[in-house]
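Text of the file structure09.cif, holding mmCIF, C-alpha atoms and all ligand atoms:
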```
data_input
#
loop_
_atom_site.label_atom_id
_atom_site.label_comp_id
_atom_site.auth_asym_id
_atom_site.auth_seq_id
_atom_site.Cartn_x
_atom_site.Cartn_y
_atom_site.Cartn_z
CA MET A 1 12.74 -21.95 14.06
CA ASN A 2 9.90 -19.80 15.35
CA ARG A 3 8.38 -17.11 13.18
CA VAL A 4 9.41 -13.58 14.11
CA PHE A 5 7.40 -10.36 14.18
CA ASN A 6 8.43 -8.74 10.91
CA PHE A 7 7.86 -4.98 10.87
CA SER A 8 9.19 -4.58 7.33
CA ALA A 9 7.52 -1.93 5.17
CA GLY A 10 7.44 -4.35 2.26
CA PRO A 11 7.63 -7.08 1.30
CA SER A 12 5.97 -7.68 4.62
CA MET A 13 4.31 -10.33 6.73
CA LEU A 14 1.67 -12.53 5.18
CA PRO A 15 -1.06 -14.09 7.35
CA LEU A 16 0.10 -17.41 8.79
CA PRO A 17 -3.09 -19.29 7.76
CA VAL A 18 -2.50 -18.10 4.18
CA LEU A 19 1.07 -19.37 4.19
CA GLU A 20 -0.11 -22.69 5.63
CA THR A 21 -2.79 -23.14 2.99
CA ALA A 22 -0.30 -22.24 0.28
CA ALA A 23 2.16 -24.75 1.72
CA SER A 24 -0.43 -27.52 1.80
CA GLU A 25 -1.31 -26.87 -1.85
CA LEU A 26 2.17 -26.04 -3.05
CA VAL A 27 3.10 -29.34 -4.69
CA CYS A 28 -0.35 -30.51 -5.82
CA TYR A 29 -3.13 -27.99 -6.21
CA ARG A 30 -6.34 -29.88 -5.43
CA GLU A 31 -7.05 -32.49 -8.14
CA THR A 32 -4.78 -30.99 -10.77
CA GLY A 33 -1.67 -32.97 -9.86
CA MET A 34 0.49 -29.89 -10.27
CA SER A 35 1.49 -26.73 -8.49
CA VAL A 36 -0.26 -23.44 -9.29
CA MET A 37 3.25 -22.31 -10.30
CA GLU A 38 3.31 -24.91 -13.05
CA MET A 39 -0.15 -24.34 -14.41
CA SER A 40 -1.10 -22.80 -17.73
CA HIS A 41 -2.75 -19.48 -17.10
CA ARG A 42 -5.34 -20.54 -19.70
CA SER A 43 -6.26 -23.76 -17.89
CA PRO A 44 -9.73 -24.17 -16.34
CA ALA A 45 -8.19 -24.54 -12.85
CA TYR A 46 -6.31 -21.28 -13.18
CA GLU A 47 -9.26 -19.53 -14.80
CA GLU A 48 -11.20 -20.35 -11.65
CA ILE A 49 -8.45 -18.93 -9.41
CA ILE A 50 -8.20 -15.57 -11.17
CA THR A 51 -11.97 -15.22 -11.53
CA GLU A 52 -12.44 -15.96 -7.85
CA ALA A 53 -9.64 -13.53 -6.90
CA GLU A 54 -11.35 -10.73 -8.79
CA SER A 55 -14.79 -11.46 -7.40
CA LEU A 56 -13.46 -11.63 -3.81
CA LEU A 57 -11.66 -8.30 -4.22
CA ARG A 58 -14.81 -6.74 -5.68
CA LYS A 59 -16.79 -8.02 -2.72
CA LEU A 60 -14.23 -6.91 -0.11
CA MET A 61 -13.85 -3.37 -1.48
CA SER A 62 -17.46 -3.04 -2.78
CA ILE A 63 -16.04 -2.13 -6.19
CA PRO A 64 -18.82 -0.68 -8.36
CA ASP A 65 -19.66 -2.48 -11.63
CA ASN A 66 -18.36 0.38 -13.76
CA TYR A 67 -14.80 -0.26 -12.58
CA LYS A 68 -12.39 -2.79 -14.06
CA VAL A 69 -9.99 -4.75 -11.86
CA LEU A 70 -6.58 -5.49 -13.40
CA PHE A 71 -3.91 -7.85 -12.10
CA LEU A 72 -0.63 -6.58 -13.53
CA GLN A 73 3.13 -6.75 -13.09
CA GLY A 74 5.79 -4.10 -12.64
CA GLY A 75 4.97 -2.81 -9.17
CA ALA A 76 3.40 0.49 -8.23
CA THR A 77 6.41 2.23 -9.78
CA THR A 78 5.43 1.09 -13.27
CA GLN A 79 2.06 2.72 -12.71
CA PHE A 80 3.84 6.04 -12.16
CA ALA A 81 4.33 5.96 -15.96
CA ALA A 82 1.10 4.13 -16.83
CA VAL A 83 -1.03 6.82 -15.16
CA PRO A 84 0.11 9.71 -17.42
CA LEU A 85 0.32 7.46 -20.48
CA ASN A 86 -3.30 6.38 -20.06
CA LEU A 87 -4.82 9.58 -18.75
CA MET A 88 -2.97 12.68 -19.98
CA LYS A 89 -5.35 13.52 -22.81
CA SER A 90 -4.85 17.27 -22.76
CA GLY A 91 -1.32 16.93 -21.42
CA LYS A 92 -1.95 18.46 -18.00
CA ALA A 93 -1.93 16.73 -14.65
CA ASP A 94 -1.80 17.89 -11.03
CA TYR A 95 0.23 16.09 -8.39
CA VAL A 96 0.28 16.31 -4.62
CA VAL A 97 3.72 15.55 -3.21
CA SER A 98 3.47 14.10 0.29
CA GLY A 99 6.50 11.83 0.28
CA GLN A 100 9.02 10.03 -1.86
CA PHE A 101 6.66 7.84 -3.83
CA SER A 102 4.34 10.68 -4.81
CA LYS A 103 7.39 12.69 -5.79
CA LYS A 104 8.63 9.87 -7.99
CA ALA A 105 5.18 9.62 -9.57
CA TRP A 106 5.24 13.36 -10.28
CA LYS A 107 8.75 13.20 -11.75
CA GLU A 108 7.75 10.33 -14.03
CA ALA A 109 4.67 12.21 -15.28
CA GLN A 110 6.84 15.20 -16.23
CA LYS A 111 8.27 13.06 -19.04
CA TYR A 112 4.87 12.93 -20.69
CA GLY A 113 3.39 16.37 -20.24
CA ASP A 114 2.76 19.35 -18.04
CA ALA A 115 2.71 17.76 -14.60
CA VAL A 116 2.53 20.30 -11.81
CA CYS A 117 2.95 19.89 -8.07
CA ILE A 118 -0.08 21.69 -6.61
CA ALA A 119 0.69 21.00 -2.95
CA SER A 120 3.61 19.60 -1.01
CA SER A 121 4.59 18.73 2.55
CA GLU A 122 8.31 18.81 1.90
CA ASP A 123 8.70 22.00 3.95
CA LYS A 124 8.29 19.91 7.12
CA ASN A 125 9.93 16.70 5.93
CA ASN A 126 6.54 15.24 5.00
CA THR A 127 5.27 15.01 8.58
CA TYR A 128 1.79 16.10 7.48
CA ILE A 129 -0.56 15.89 4.52
CA PRO A 130 -0.99 19.11 2.55
CA LYS A 131 -4.49 20.45 2.16
CA VAL A 132 -6.08 19.64 -1.18
CA THR A 133 -9.03 21.80 -2.18
CA ARG A 134 -10.77 22.30 -5.50
CA GLU A 135 -9.35 25.83 -5.70
CA ILE A 136 -5.77 24.65 -6.08
CA ILE A 137 -6.60 22.19 -8.88
CA ARG A 138 -6.25 23.45 -12.45
CA PRO A 139 -9.73 23.26 -13.99
CA ASP A 140 -8.31 21.74 -17.19
CA ALA A 141 -6.12 19.12 -15.49
CA ASP A 142 -6.72 15.59 -16.75
CA TYR A 143 -6.44 14.21 -13.23
CA VAL A 144 -5.15 14.78 -9.71
CA HIS A 145 -2.69 12.25 -8.29
CA ILE A 146 -2.18 11.49 -4.60
CA CYS A 147 -0.46 8.86 -2.49
CA MET A 148 -3.02 7.94 0.17
CA ASN A 149 -0.66 6.46 2.76
CA ASN A 150 2.97 7.52 2.81
CA THR A 151 4.86 4.39 3.71
CA ILE A 152 8.21 6.04 4.42
CA TYR A 153 6.99 8.92 6.60
CA GLY A 154 3.98 7.27 8.24
CA THR A 155 1.31 9.74 7.14
CA LYS A 156 -2.16 9.19 5.73
CA TYR A 157 -4.85 11.43 4.26
CA PRO A 158 -7.49 11.84 6.99
CA GLU A 159 -10.09 11.88 4.23
CA ILE A 160 -10.31 11.39 0.49
CA PRO A 161 -9.82 14.82 -1.16
CA ASP A 162 -12.72 16.24 -3.15
CA THR A 163 -11.50 16.92 -6.69
CA GLY A 164 -14.95 17.56 -8.19
CA ASP A 165 -15.22 16.34 -11.79
CA ILE A 166 -11.50 15.85 -12.15
CA PRO A 167 -10.58 12.19 -11.69
CA LEU A 168 -8.67 11.42 -8.51
CA ILE A 169 -5.89 8.88 -9.06
CA ALA A 170 -4.45 7.30 -5.93
CA ASP A 171 -1.53 5.11 -4.98
CA LEU A 172 -2.94 2.88 -2.23
CA SER A 173 0.02 0.48 -2.07
CA SER A 174 0.45 0.64 1.69
CA CYS A 175 -3.16 1.01 2.86
CA ILE A 176 -5.31 -0.99 0.45
CA LEU A 177 -7.47 -3.51 2.35
CA SER A 178 -6.54 -1.97 5.72
CA GLU A 179 -9.99 -0.34 5.97
CA PRO A 180 -12.91 0.36 3.64
CA PHE A 181 -12.33 3.05 0.98
CA ASP A 182 -15.16 4.44 -1.13
CA VAL A 183 -13.94 3.34 -4.56
CA SER A 184 -16.49 5.57 -6.31
CA LYS A 185 -14.56 8.63 -5.13
CA PHE A 186 -11.56 7.60 -7.24
CA GLY A 187 -10.98 7.47 -10.98
CA VAL A 188 -8.13 4.98 -10.55
CA ILE A 189 -6.67 3.15 -7.56
CA TYR A 190 -3.42 1.24 -7.89
CA ALA A 191 -1.36 -0.72 -5.41
CA GLY A 192 1.71 -2.91 -5.38
CA ALA A 193 0.70 -6.12 -3.61
CA GLN A 194 3.69 -6.67 -1.36
CA LYS A 195 2.52 -4.47 1.52
CA ASN A 196 -0.93 -5.76 2.34
CA MET A 197 -2.03 -8.25 -0.28
CA ALA A 198 0.38 -10.81 -1.65
CA PRO A 199 4.05 -11.42 -2.42
CA ALA A 200 5.88 -8.90 -4.61
CA GLY A 201 5.21 -9.24 -8.32
CA LEU A 202 1.55 -8.28 -8.51
CA THR A 203 0.08 -4.80 -8.96
CA VAL A 204 -3.66 -4.26 -8.70
CA VAL A 205 -5.23 -1.47 -10.74
CA ILE A 206 -8.89 -0.53 -10.26
CA VAL A 207 -9.99 1.80 -13.04
CA ARG A 208 -13.29 3.49 -13.86
CA GLU A 209 -14.42 2.34 -17.30
CA ASP A 210 -14.84 5.78 -18.84
CA LEU A 211 -11.13 6.43 -18.24
CA LEU A 212 -10.12 3.54 -20.48
CA GLY A 213 -9.30 3.94 -24.15
CA SER A 214 -7.53 7.31 -24.21
CA ALA A 215 -3.96 6.11 -23.89
CA ARG A 216 -1.31 7.94 -25.89
CA PRO A 217 -0.58 6.15 -29.18
CA ASP A 218 3.00 5.45 -28.09
CA THR A 219 1.92 3.73 -24.86
CA PRO A 220 3.66 0.36 -24.53
CA VAL A 221 1.00 -2.29 -24.91
CA MET A 222 1.81 -3.71 -21.45
CA LEU A 223 0.97 -0.35 -19.88
CA ASP A 224 -2.29 0.20 -21.73
CA TRP A 225 -5.03 -0.50 -19.21
CA LYS A 226 -7.63 -0.97 -21.94
CA THR A 227 -5.65 -3.78 -23.55
CA MET A 228 -5.33 -5.43 -20.16
CA ALA A 229 -9.01 -4.90 -19.34
CA ASP A 230 -10.14 -6.30 -22.72
CA ASN A 231 -8.02 -9.38 -22.12
CA GLY A 232 -8.99 -10.07 -18.52
CA SER A 233 -5.43 -9.20 -17.35
CA MET A 234 -4.19 -12.00 -19.65
CA TYR A 235 -2.81 -10.20 -22.68
CA ASN A 236 0.35 -12.02 -21.70
CA THR A 237 1.14 -14.33 -18.80
CA PRO A 238 -0.06 -12.70 -15.58
CA PRO A 239 1.77 -13.07 -12.24
CA CYS A 240 -0.12 -16.34 -11.71
CA TYR A 241 1.17 -17.44 -8.34
CA CYS A 242 0.91 -13.98 -6.78
CA ILE A 243 -2.72 -13.75 -7.88
CA TYR A 244 -3.36 -17.12 -6.23
CA MET A 245 -1.73 -15.82 -3.03
CA ALA A 246 -3.82 -12.65 -3.22
CA LYS A 247 -6.93 -14.80 -3.49
CA LEU A 248 -5.95 -16.61 -0.28
CA VAL A 249 -5.40 -13.26 1.45
CA TYR A 250 -8.81 -12.01 0.29
CA GLU A 251 -10.42 -15.19 1.68
CA TRP A 252 -8.59 -14.68 4.97
CA ILE A 253 -9.83 -11.08 5.30
CA LEU A 254 -13.39 -12.14 4.49
CA SER A 255 -13.21 -14.90 7.08
CA LEU A 256 -12.34 -12.25 9.69
CA GLY A 257 -15.33 -10.10 8.77
CA GLY A 258 -14.13 -8.01 5.83
CA LEU A 259 -12.69 -4.51 5.78
CA GLU A 260 -14.80 -3.06 8.60
CA ALA A 261 -13.44 -5.75 10.91
CA MET A 262 -9.94 -5.21 9.53
CA LYS A 263 -10.21 -1.50 10.27
CA LEU A 264 -11.17 -2.13 13.91
CA LYS A 265 -8.31 -4.57 14.30
CA ASN A 266 -5.86 -2.10 12.73
CA GLN A 267 -7.14 0.82 14.83
CA ARG A 268 -6.60 -1.25 17.96
CA LYS A 269 -3.08 -2.19 16.94
CA ALA A 270 -2.07 1.36 15.98
CA ALA A 271 -3.56 2.71 19.23
CA ILE A 272 -1.33 0.44 21.30
CA LEU A 273 1.71 2.13 19.76
CA TYR A 274 0.44 5.70 19.51
CA ASP A 275 -1.06 5.68 23.02
CA TYR A 276 2.29 4.63 24.40
CA LEU A 277 4.17 7.19 22.28
CA ASP A 278 1.87 9.95 23.56
CA ALA A 279 2.26 8.92 27.20
CA GLN A 280 6.05 9.19 27.46
CA ASN A 281 8.84 11.51 26.38
CA TYR A 282 11.73 9.21 25.57
CA TYR A 283 10.63 8.68 21.96
CA THR A 284 9.21 11.28 19.61
CA ALA A 285 6.62 10.56 16.92
CA PRO A 286 7.32 13.19 14.24
CA VAL A 287 4.02 12.97 12.34
CA GLU A 288 1.33 15.54 13.17
CA LYS A 289 -1.53 13.72 14.90
CA PRO A 290 -4.36 14.19 12.38
CA PHE A 291 -2.19 12.63 9.68
CA ARG A 292 -0.91 9.55 11.47
CA SER A 293 -0.85 6.36 9.46
CA MET A 294 -2.46 3.24 10.85
CA MET A 295 -0.05 1.08 8.84
CA ASN A 296 3.39 2.68 9.26
CA VAL A 297 4.29 4.16 12.63
CA THR A 298 7.48 6.26 12.75
CA PHE A 299 9.34 7.33 15.90
CA VAL A 300 12.83 8.46 16.91
CA THR A 301 14.87 8.66 20.09
CA GLY A 302 16.53 11.86 18.90
CA ASP A 303 19.97 10.24 19.03
CA PRO A 304 21.07 8.33 15.90
CA ASP A 305 23.35 6.05 17.95
CA LEU A 306 20.49 5.08 20.25
CA ASP A 307 18.24 4.50 17.23
CA LYS A 308 20.83 2.13 15.83
CA LYS A 309 21.13 0.32 19.16
CA PHE A 310 17.36 0.07 19.38
CA ALA A 311 17.04 -1.58 15.97
CA LYS A 312 19.85 -3.99 16.74
CA GLU A 313 18.49 -5.10 20.11
CA ALA A 314 14.92 -5.32 18.80
CA ASP A 315 16.18 -7.58 16.05
CA ALA A 316 17.81 -9.89 18.58
CA LYS A 317 14.44 -10.18 20.32
CA GLY A 318 12.64 -11.23 17.14
CA LEU A 319 11.27 -7.77 16.35
CA LYS A 320 12.65 -7.49 12.82
CA ASN A 321 13.16 -4.68 10.32
CA ILE A 322 12.27 -1.84 12.67
CA LYS A 323 14.90 0.52 11.30
CA GLY A 324 13.39 3.58 9.64
CA HIS A 325 13.82 4.38 5.97
CA ARG A 326 17.29 5.75 5.24
CA SER A 327 15.84 9.15 4.34
CA VAL A 328 14.06 9.58 7.69
CA GLY A 329 16.19 7.67 10.18
CA GLY A 330 14.85 6.49 13.52
CA MET A 331 12.40 3.64 13.60
CA ARG A 332 9.41 2.58 11.58
CA ALA A 333 7.00 -0.15 12.59
CA SER A 334 4.94 -1.33 9.65
CA ILE A 335 1.90 -3.00 11.11
CA TYR A 336 -0.09 -4.17 8.10
CA ASN A 337 -3.09 -6.50 8.28
CA ALA A 338 -1.00 -9.61 8.87
CA MET A 339 0.85 -8.23 11.92
CA PRO A 340 -0.83 -9.74 14.99
CA GLU A 341 -1.70 -7.56 17.98
CA GLU A 342 0.82 -9.55 20.05
CA GLY A 343 3.57 -8.27 17.77
CA VAL A 344 2.65 -4.67 18.52
CA SER A 345 2.39 -5.36 22.25
CA ALA A 346 5.79 -7.05 22.20
CA LEU A 347 7.26 -4.00 20.48
CA VAL A 348 5.82 -1.61 23.07
CA ALA A 349 7.11 -3.81 25.90
CA PHE A 350 10.56 -3.66 24.31
CA MET A 351 10.34 0.12 23.85
CA LYS A 352 9.67 0.53 27.59
CA GLU A 353 12.51 -1.76 28.53
CA PHE A 354 14.91 0.01 26.16
CA ALA A 355 13.99 3.46 27.51
CA GLU A 356 14.66 2.30 31.09
CA GLN A 357 17.98 0.70 30.25
CA ASN A 358 19.31 3.53 28.06
CA PRO A 359 18.76 6.82 29.88
CA LYS A 360 19.55 9.95 27.87
CA HIS A 361 21.97 12.47 29.27
C1 LIG B 401 6.16 0.40 -1.81
C2 LIG B 401 5.45 1.52 -2.43
C3 LIG B 401 5.64 1.88 -3.78
C4 LIG B 401 6.64 1.16 -4.65
O1 LIG B 401 6.10 -0.05 -5.00
P1 LIG B 401 6.85 -1.05 -6.00
O2 LIG B 401 5.83 -2.14 -6.10
O3 LIG B 401 8.13 -1.45 -5.36
O4 LIG B 401 7.05 -0.35 -7.28
C5 LIG B 401 4.91 2.92 -4.29
N1 LIG B 401 4.04 3.59 -3.53
C6 LIG B 401 3.83 3.29 -2.24
C7 LIG B 401 2.85 4.07 -1.44
C8 LIG B 401 4.54 2.25 -1.64
O5 LIG B 401 4.33 1.95 -0.36
#
```
In structure tokens, what does this structure look like?
Amino acid sequence: MNRVFNFSAGPSMLPLPVLETAASELVCYRETGMSVMEMSHRSPAYEEIITEAESLLRKLMSIPDNYKVLFLQGGATTQFAAVPLNLMKSGKADYVVSGQFSKKAWKEAQKYGDAVCIASSEDKNNTYIPKVTREIIRPDADYVHICMNNTIYGTKYPEIPDTGDIPLIADLSSCILSEPFDVSKFGVIYAGAQKNMAPAGLTVVIVREDLLGSARPDTPVMLDWKTMADNGSMYNTPPCYCIYMAKLVYEWILSLGGLEAMKLKNQRKAAILYDYLDAQNYYTAPVEKPFRSMMNVTFVTGDPDLDKKFAKEADAKGLKNIKGHRSVGGMRASIYNAMPEEGVSALVAFMKEFAEQNPKH
């Protein structure tokens, strides 16, 4: 069977060359005579894999030396608890709610202290990013938390907010590695891997060293970043195979020219969709233009029955998982790094065809 264009928001497409390399090494990894899945995480062969994965990620994202890179389990959602547990020293934290994931993060933090929502876009169903200025941040907050790219709604911060001396903590699950981000502007970056990096099961945390070591005493050891940093992400068994897959993805991105090249490629892909959306009036793109995501593109026909028909017919043409999140409806095309430009062009061709064949009354 041929591979389809999979527009799923996550888990999502992985680059074909990565899957092929993984397949060729699946049964016997190089000279080890075993699969990476069967290897001790303390073996020299595996040590080399995880070390290389970290150094490639550092190179790709230009991660400064005073940041630790952690390869953890539990998904981004586990970090919703790890963030307050590790960082709420004075018990105060400020959250920006720009979608469902940031809201969940805020809710989780409320279990551990005084977590306040300082800005929200819920008044317009999260079709924009609220303005974050220093004035709205409590001067004694331990940190400010944002979700950089809102996977469900298809919005993204046009720039990294300036939080002054207060550490900025960001969920980058659905935009990490899609373009360069200045890591030094963040106190902590975390991301579940299954959008743009690897299969589900791996969570990457990038944390500035001075933020380590202040976890609450009742923090579960698995959520204490310092313990993980001191043990090279191997306090217990790490998600070995996912880290290997991430390493292959990092190599693939480097081979294409790194994050600057990735950004150009992603801008081109997103423009194919947005340019078409702006040039017609059959479909509506609900997100305000300055806040459009390059990774998740949402649009609706305005008629739930037509939306349903669209998703069904797209699926039959090999354009998979285009149905929007249940809370938004309509359609969502997730076009992460691994989605080829041809996939986006095929989608736009189908959108035109569908609009012609299904006139609205
Ligand atoms: C998918 C996603 C999550 C949830 O990630 P899990 O790894 O399933 O916990 C959180 N935040 C963002 C921005 C996401 O896209």
If you count all atoms listed in the file, which residues end up within 10 Å of ligand LIG 401 (chain B), as an MDAnalysis selection string? chainID A and resid 9:11 73:80 99:105 146:152 170:176 190:196 200:203 296
Nearest to Met339 of chain A among A:Met39, A:Ala270, A:Leu306, A:Val132, with distances taken over all atoms listed in the file: which residue is it?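 Residue with the minimum atom-to-atom distance to Met339 of chain A: A:Ala270.
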Under the rule that all atoms listed in the file are counted, which of A:Tyr274, A:Tyr95, A:Phe350, A:Tyr67 is the nearest residue to Lys185 of chain A?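 The shortest atom-to-atom distance to Lys185 of chain A comes from A:Tyr67.
We find atom CA of Gly164 of chain A and atom CA of Pro64 of chain A to be spaced 18.6 Å apart.
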Point out the residue among A:Lys352, A:Arg216, A:Arg208, A:Lys111 with the least atom-to-atom distance to Phe310 of chain A, counting only C-alpha atoms. A:Lys352
Just the residues within 10 Å of Arg138 of chain A, please, counting all atoms listed in the file, with nothing from its chain fewer than 2 positions along; format it as a ChimeraX atom specification. /A:92-94,116,118,134-136,140-144,166
Point-to-point distance from atom CA of Lys107 of chain A to atom CA of Thr219 of chain A, Å rounded to tenths: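 Distance between the two atoms: 17.6 Å.
Atom pair atom CA of Met37 of chain A / atom CA of Leu19 of chain A has a distance of 14.9 Å (rounded to one decimal).
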Taking 2 positions as the minimum chain separation for residues in the same chain, which residues sit within 12 Å of Ser334 of chain A when counting all atoms listed in the file? Answer as a PyMOL selection string. chain A and resi 5-13+149-155+174-175+195-196+266+269-270+273+293-299+319-325+331-332+336-340+343-344+347
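Compared by their closest atoms to Ser345 of chain A, and using all atoms listed in the file, the residues A:Ile160, A:Ile50, A:Pro217, A:Tyr276 rank with A:Tyr276 nearest.
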Rebuild N, CA, C and O atoms on segment 196-208 of chain A, as a PDB file, in the coordinates of the input?
```pdb
ATOM      1  N   ASN A 196       0.245  -5.311   1.584  1.00  0.00           N
ATOM      2  CA  ASN A 196      -0.930  -5.760   2.340  1.00  0.00           C
ATOM      3  C   ASN A 196      -1.739  -6.834   1.627  1.00  0.00           C
ATOM      4  O   ASN A 196      -2.860  -7.114   2.020  1.00  0.00           O
ATOM      5  N   MET A 197      -1.176  -7.436   0.574  1.00  0.00           N
ATOM      6  CA  MET A 197      -2.030  -8.250  -0.280  1.00  0.00           C
ATOM      7  C   MET A 197      -1.457  -9.577  -0.729  1.00  0.00           C
ATOM      8  O   MET A 197      -2.189 -10.550  -0.837  1.00  0.00           O
ATOM      9  N   ALA A 198      -0.188  -9.620  -1.009  1.00  0.00           N
ATOM     10  CA  ALA A 198       0.380 -10.810  -1.650  1.00  0.00           C
ATOM     11  C   ALA A 198       1.895 -10.641  -1.704  1.00  0.00           C
ATOM     12  O   ALA A 198       2.408  -9.596  -1.308  1.00  0.00           O
ATOM     13  N   PRO A 199       2.614 -11.634  -2.224  1.00  0.00           N
ATOM     14  CA  PRO A 199       4.050 -11.420  -2.420  1.00  0.00           C
ATOM     15  C   PRO A 199       4.295 -10.372  -3.504  1.00  0.00           C
ATOM     16  O   PRO A 199       3.398 -10.055  -4.278  1.00  0.00           O
ATOM     17  N   ALA A 200       5.512  -9.859  -3.576  1.00  0.00           N
ATOM     18  CA  ALA A 200       5.880  -8.900  -4.610  1.00  0.00           C
ATOM     19  C   ALA A 200       5.726  -9.535  -5.984  1.00  0.00           C
ATOM     20  O   ALA A 200       5.957 -10.733  -6.157  1.00  0.00           O
ATOM     21  N   GLY A 201       5.342  -8.724  -6.959  1.00  0.00           N
ATOM     22  CA  GLY A 201       5.210  -9.240  -8.320  1.00  0.00           C
ATOM     23  C   GLY A 201       3.844  -8.957  -8.913  1.00  0.00           C
ATOM     24  O   GLY A 201       3.641  -9.089 -10.113  1.00  0.00           O
ATOM     25  N   LEU A 202       2.906  -8.579  -8.064  1.00  0.00           N
ATOM     26  CA  LEU A 202       1.550  -8.280  -8.510  1.00  0.00           C
ATOM     27  C   LEU A 202       1.222  -6.815  -8.224  1.00  0.00           C
ATOM     28  O   LEU A 202       1.566  -6.305  -7.153  1.00  0.00           O
ATOM     29  N   THR A 203       0.593  -6.158  -9.170  1.00  0.00           N
ATOM     30  CA  THR A 203       0.080  -4.800  -8.960  1.00  0.00           C
ATOM     31  C   THR A 203      -1.390  -4.804  -9.320  1.00  0.00           C
ATOM     32  O   THR A 203      -1.760  -5.261 -10.415  1.00  0.00           O
ATOM     33  N   VAL A 204      -2.226  -4.328  -8.423  1.00  0.00           N
ATOM     34  CA  VAL A 204      -3.660  -4.260  -8.700  1.00  0.00           C
ATOM     35  C   VAL A 204      -4.014  -2.849  -9.157  1.00  0.00           C
ATOM     36  O   VAL A 204      -3.584  -1.870  -8.542  1.00  0.00           O
ATOM     37  N   VAL A 205      -4.733  -2.757 -10.252  1.00  0.00           N
ATOM     38  CA  VAL A 205      -5.230  -1.470 -10.740  1.00  0.00           C
ATOM     39  C   VAL A 205      -6.752  -1.561 -10.817  1.00  0.00           C
ATOM     40  O   VAL A 205      -7.298  -2.511 -11.394  1.00  0.00           O
ATOM     41  N   ILE A 206      -7.428  -0.593 -10.221  1.00  0.00           N
ATOM     42  CA  ILE A 206      -8.890  -0.530 -10.260  1.00  0.00           C
ATOM     43  C   ILE A 206      -9.234   0.753 -11.001  1.00  0.00           C
ATOM     44  O   ILE A 206      -8.900   1.850 -10.541  1.00  0.00           O
ATOM     45  N   VAL A 207      -9.824   0.628 -12.168  1.00  0.00           N
ATOM     46  CA  VAL A 207      -9.990   1.800 -13.040  1.00  0.00           C
ATOM     47  C   VAL A 207     -11.436   1.967 -13.492  1.00  0.00           C
ATOM     48  O   VAL A 207     -12.078   0.993 -13.892  1.00  0.00           O
ATOM     49  N   ARG A 208     -11.921   3.202 -13.419  1.00  0.00           N
ATOM     50  CA  ARG A 208     -13.290   3.490 -13.860  1.00  0.00           C
ATOM     51  C   ARG A 208     -13.341   3.363 -15.375  1.00  0.00           C
ATOM     52  O   ARG A 208     -12.462   3.870 -16.082  1.00  0.00           O
TER      53      ARG A 208
END
```
